[in-house]
Amino acid sequence: LIIGGVFALFLFLFLHFREVFVETFELGSQAQKYVVAQIDFSFPDEEATIILKQEVGRDIGKIYRIQSDEVHIGLADFQKYVTQSSEGSRNWAHIADESNYADLALALGFFSDGLLGSRFTDTRTMQRVDELPPGDLSHPRGDFFIFLPPQDSKQHVLPEKYWTELEQRVFVGQDIPPPIITFIANYFAKQPWQFEEDKAMEQRLRKQIQAHIPPSYTTIRSGERMIDQGEKVSSRHLAMMQAMKEHLSESRNLLDPLTIAGSLLMTTLFLFVTILYLRENHRAIFYSNRKLALLVTVLLFTLLLAKLTELFLLKNTSNLIDLVRFPLFVPFAAILLTSLMNVRVAAFATVFLSIIFPLALAVESTPFLVINILTATVVILSTRTIRRRKEVFVVCAKAWLASALVILAFNLYENTAFSISFLGDLASTFLFMTLTAILVVGLLPIFESLFQIMTDITLMEFMDPSNQLLRRLTIEAPGTYQHSMVVGNLAEAAATAIGANGLFCRVSTLYHDIGKLANPQYFTENQLSGINMHQLLTPMESAQVIINHVSEGVALARKVGLPEQFIDIIKEHHGTQLVYYFYCKQLDMMGGDKSKVERKDFRYGGPKPRTKESTIIMLADNLEAASRSLDIFNEKEVVKLLDQLIARKPEEGQFDESLLTFEELSIVRKTLVQTLLAASHPRIKYPAHHPGEEG
């Protein structure tokens, strides 16, 4: 219930907080279909803004200034007027009592700066100047005056209003006697001035005013056609699509009861289908908290990975979300579940995720479904055979090639093959599959450790002959090692025949008798010298030595860190069987009095086999050991021996906890016989070679 509740909660959040998808187009491409607005919205119309800026730019009329040479000449003439002309001398004499030449020179400098800085323009241009913030105007606002010199003459007398404004602006805050200011202004007001057009100022002012024009927004009504089929996609179209997407996102009320109810209903449907599928097809997973937690963890991790990727793309200022058209998330889960569980579960997860993602992510549903299902299928079919971690990269490379073909097919269908977007799609899918391979290789050991699952990759690593325990077996107990090899081949063939994990059977049997390393000489297969150590022991002592190889094997396995699955095989491969040989010898010593012999002293401690694999290994182990005592080795004798072994198991309750069915047991029986006979087939006898003969 806890696992189901966590899964339902995260699935609800994933479906509820979904992004809005709006179809994207490549700039300059032809639209394959028309697009209609889904909502009323306004968007920043760049074309309209450009037109508006052009209109505002035309409002800027001509701007004039007094020629600088004219100002310098005027200053020189004024000095002559004061010093050389009788009129100027008289006028200066009237104010000389209150002022001096220093004040006159200072005031003259202020007038000069004011004249040089003055700009003259029309009323419309002045209105635009007034609209600009003072800090953004490159030329002081006070230097602009409404006046346009007539075009019919070269020199013009400035209006009296200009001189009044100039006096107020130039001499504000200055300690200059007013008579001097009036004296200078009266002189210059009578003088004609030559003007020139200030084109640089016109251009600069035009740009400054245009820069402050706010974007022009155009309103689009719901149902209005935005792009026609076959129309060339422009930047205006892209702006419309982006604005519609933003308005759709803003219009969604996540707290609306109907929206919440819809997300809850969708979550319930997905949860119901998942439960129904697992209960009907994978009872071992459905009733195992460990396996169910593994499945839920992989699914939720994939959903979380997809959502984080989407958020990263959405927050990116380069609009990467519009460039990544074919995100590949499903192959990641497919590889993990094929490796950690089985093909059928991975196939279900592929369909499950491929349906959920288009509902919750900003992706185009049809292309996403097609490319993710196809690449995940390639991954599932390829992952079944991987035996080394580096092969994960090969699997992902195959998946990328499959995705490239799908992308090419879509581009050919849309008549946009080999466009920039096509290359971008190839690059993005390559990146996805590369990251998938890296994540899978890194996460597989973690999942195996957390959920006690063994993949074929890990199993192959335990087959390495350089493994410490295997090297000890070959040196210290070579007979046991050979016995384990044969049992492994028998168990693998039988397990594969019924659809169980054949590779696990083969690898785990290499370690099932490692407990014999404690006393290898007490086991028949290692008594190469012909000396039987049990001659020195009582039957009960011998039985204890034989029985103890299980507990000693478990202790050694835990010491070196063997997986729990291997330890289960060590504990279960004898179940609670009776060490029959020494039990009979003890019974003989007691004169056949069964009351004097405790059967429990001659039984293995168990537990009984609980999986198909451990049951098969028990039968293969018994058959291989017993077959060595056959006087006549042929199919009839082997079948007879195996039937006897199988018949005793139910009587002793050894199959009470096993998942093996009678139908599967029949297949296992047949396969074990065929495999053992094939491994022990006779060869023709070669004639003796006589000296002197050729060959």
# chains A, B, ... in the order shown; residues from 1 in each chain; ligands from 1

call {"tool": "select_by_dssp", "arguments": {"residues": "segment 418-478 of chain A", "states": "alpha helix (DSSP H)", "output": "JSON, numbers by chain"}}
result
{"A": [420, 421, 422, 423, 424, 425, 426, 427, 428, 429, 430, 431, 432, 433, 434, 435, 436, 437, 438, 439, 440, 441, 442, 443, 444, 445, 446, 447, 448, 449, 450, 451, 456, 457, 458, 459, 460, 461, 462, 468, 469, 470, 471, 472, 473, 474, 475, 476, 478]}

call {"tool": "closest_atom_pairs", "arguments": {"of": "segment 136-244 of chain A", "to": "segment 42-45 of chain A", "cutoff": "6 Å", "atoms": "only C-alpha atoms", "output": "JSON lines"}}
result
{"residue": "A:Pro215", "atom": "CA", "partner": "A:Pro44", "partner_atom": "CA", "distance": 5.8}
{"residue": "A:Ser216", "atom": "CA", "partner": "A:Asp45", "partner_atom": "CA", "distance": 5.6}
{"residue": "A:Tyr217", "atom": "CA", "partner": "A:Pro44", "partner_atom": "CA", "distance": 4.5}
{"residue": "A:Thr218", "atom": "CA", "partner": "A:Ser42", "partner_atom": "CA", "distance": 5.3}
{"residue": "A:Thr219", "atom": "CA", "partner": "A:Ser42", "partner_atom": "CA", "distance": 4.2}
{"residue": "A:Ile220", "atom": "CA", "partner": "A:Ser42", "partner_atom": "CA", "distance": 6.0}
{"residue": "A:Met240", "atom": "CA", "partner": "A:Phe43", "partner_atom": "CA", "distance": 5.9}
{"residue": "A:Ala243", "atom": "CA", "partner": "A:Phe43", "partner_atom": "CA", "distance": 5.5}

call {"tool": "residues_around", "arguments": {"residues": "Phe301 of chain A", "least_positions_apart": "2", "cutoff": "12 Å", "atoms": "only C-alpha atoms", "output": "PDB file with C-alpha atoms, in the first residue's frame"}}
result
ATOM      1  CA  PHE A   7       3.560   5.887  -6.901  1.00  0.00           C
ATOM      2  CA  PHE A  10       4.065  11.224  -7.746  1.00  0.00           C
ATOM      3  CA  LEU A  11       2.083  10.200 -10.813  1.00  0.00           C
ATOM      4  CA  PHE A  14       3.496  14.680 -12.710  1.00  0.00           C
ATOM      5  CA  ALA A 293       9.592  -1.129  -5.148  1.00  0.00           C
ATOM      6  CA  LEU A 294      12.237  -1.605  -7.836  1.00  0.00           C
ATOM      7  CA  LEU A 295       9.690  -1.197 -10.634  1.00  0.00           C
ATOM      8  CA  VAL A 296       8.143   1.887  -9.037  1.00  0.00           C
ATOM      9  CA  THR A 297      11.571   3.410  -8.368  1.00  0.00           C
ATOM     10  CA  VAL A 298      12.659   3.056 -11.996  1.00  0.00           C
ATOM     11  CA  LEU A 299       9.371   4.503 -13.280  1.00  0.00           C
ATOM     12  CA  LEU A 303       9.435  10.630 -14.691  1.00  0.00           C
ATOM     13  CA  LEU A 304      11.540  12.854 -12.431  1.00  0.00           C
ATOM     14  CA  LEU A 305      14.412  12.865 -14.909  1.00  0.00           C
ATOM     15  CA  ALA A 306      12.050  13.898 -17.705  1.00  0.00           C
ATOM     16  CA  LYS A 307      10.482  16.692 -15.660  1.00  0.00           C
ATOM     17  CA  LEU A 308      13.859  18.090 -14.555  1.00  0.00           C
ATOM     18  CA  PHE A 329      13.338   9.254 -21.972  1.00  0.00           C
ATOM     19  CA  VAL A 330      11.662   5.856 -22.414  1.00  0.00           C
ATOM     20  CA  PHE A 332      16.415   4.752 -20.214  1.00  0.00           C
ATOM     21  CA  ALA A 333      13.700   2.888 -18.293  1.00  0.00           C
ATOM     22  CA  LEU A 336      17.099  -0.709 -16.662  1.00  0.00           C
ATOM     23  CA  LEU A 353       5.666   5.882 -20.148  1.00  0.00           C
ATOM     24  CA  LEU A 439      23.356   6.914 -16.338  1.00  0.00           C
ATOM     25  CA  VAL A 440      22.514   3.239 -16.844  1.00  0.00           C
ATOM     26  CA  LEU A 443      22.868   3.293 -11.733  1.00  0.00           C
ATOM     27  CA  PHE A 447      19.836  -0.674  -8.060  1.00  0.00           C
TER      28      PHE A 447
END

call {"tool": "residues_around", "arguments": {"residues": "segment 670-674 of chain A", "least_positions_apart": "6", "cutoff": "8 Å", "atoms": "only C-alpha atoms", "output": "count of residues only"}}
result
10

call {"tool": "residues_around", "arguments": {"residues": "Ile380 of chain A", "least_positions_apart": "2", "cutoff": "12 Å", "atoms": "only C-alpha atoms", "output": "count of residues only"}}
result
38

call {"tool": "closest_residue", "arguments": {"among": "A:Val668, A:Val560, A:Leu106, A:Val487", "to": "Glu624 of chain A", "atoms": "only C-alpha atoms"}}
result
A:Val487

call {"tool": "atom_distance", "arguments": {"atom1": "atom CA of Tyr287 of chain A", "atom2": "atom CA of Thr274 of chain A"}}
result
13.5 Å

call {"tool": "select_by_dssp", "arguments": {"residues": "segment 93-289 of chain A", "states": "strand (DSSP E or B)", "output": "number ranges by chain"}}
result
A: 119-121, 144-146, 155-157, 192-197, 217-220, 225-227, 232

call {"tool": "closest_residue", "arguments": {"among": "A:Trp193, A:Asp143, A:Asn526, A:Pro177", "to": "His72 of chain A", "atoms": "only C-alpha atoms"}}
result
A:Trp193

call {"tool": "atom_distance", "arguments": {"atom1": "atom CA of Val35 of chain A", "atom2": "atom CA of Leu408 of chain A"}}
result
23.9 Å

call {"tool": "residues_around", "arguments": {"residues": "segment 164-167 of chain A", "least_positions_apart": "5", "cutoff": "9 Å", "atoms": "only C-alpha atoms", "output": "PyMOL selection string"}}
result
chain A and resi 111+114-115+118+142-143+145+172+181-182+185

call {"tool": "atom_distance", "arguments": {"atom1": "atom CA of Asp113 of chain A", "atom2": "atom CA of Gln194 of chain A"}}
result
16.4 Å

call {"tool": "closest_residue", "arguments": {"among": "A:Pro327, A:Pro257, A:Gly4, A:Gly561", "to": "Thr436 of chain A", "atoms": "only C-alpha atoms"}}
result
A:Pro327

call {"tool": "closest_residue", "arguments": {"among": "A:Leu369, A:Arg18, A:Phe462, A:Glu224", "to": "Ser263 of chain A", "atoms": "only C-alpha atoms"}}
result
A:Arg18
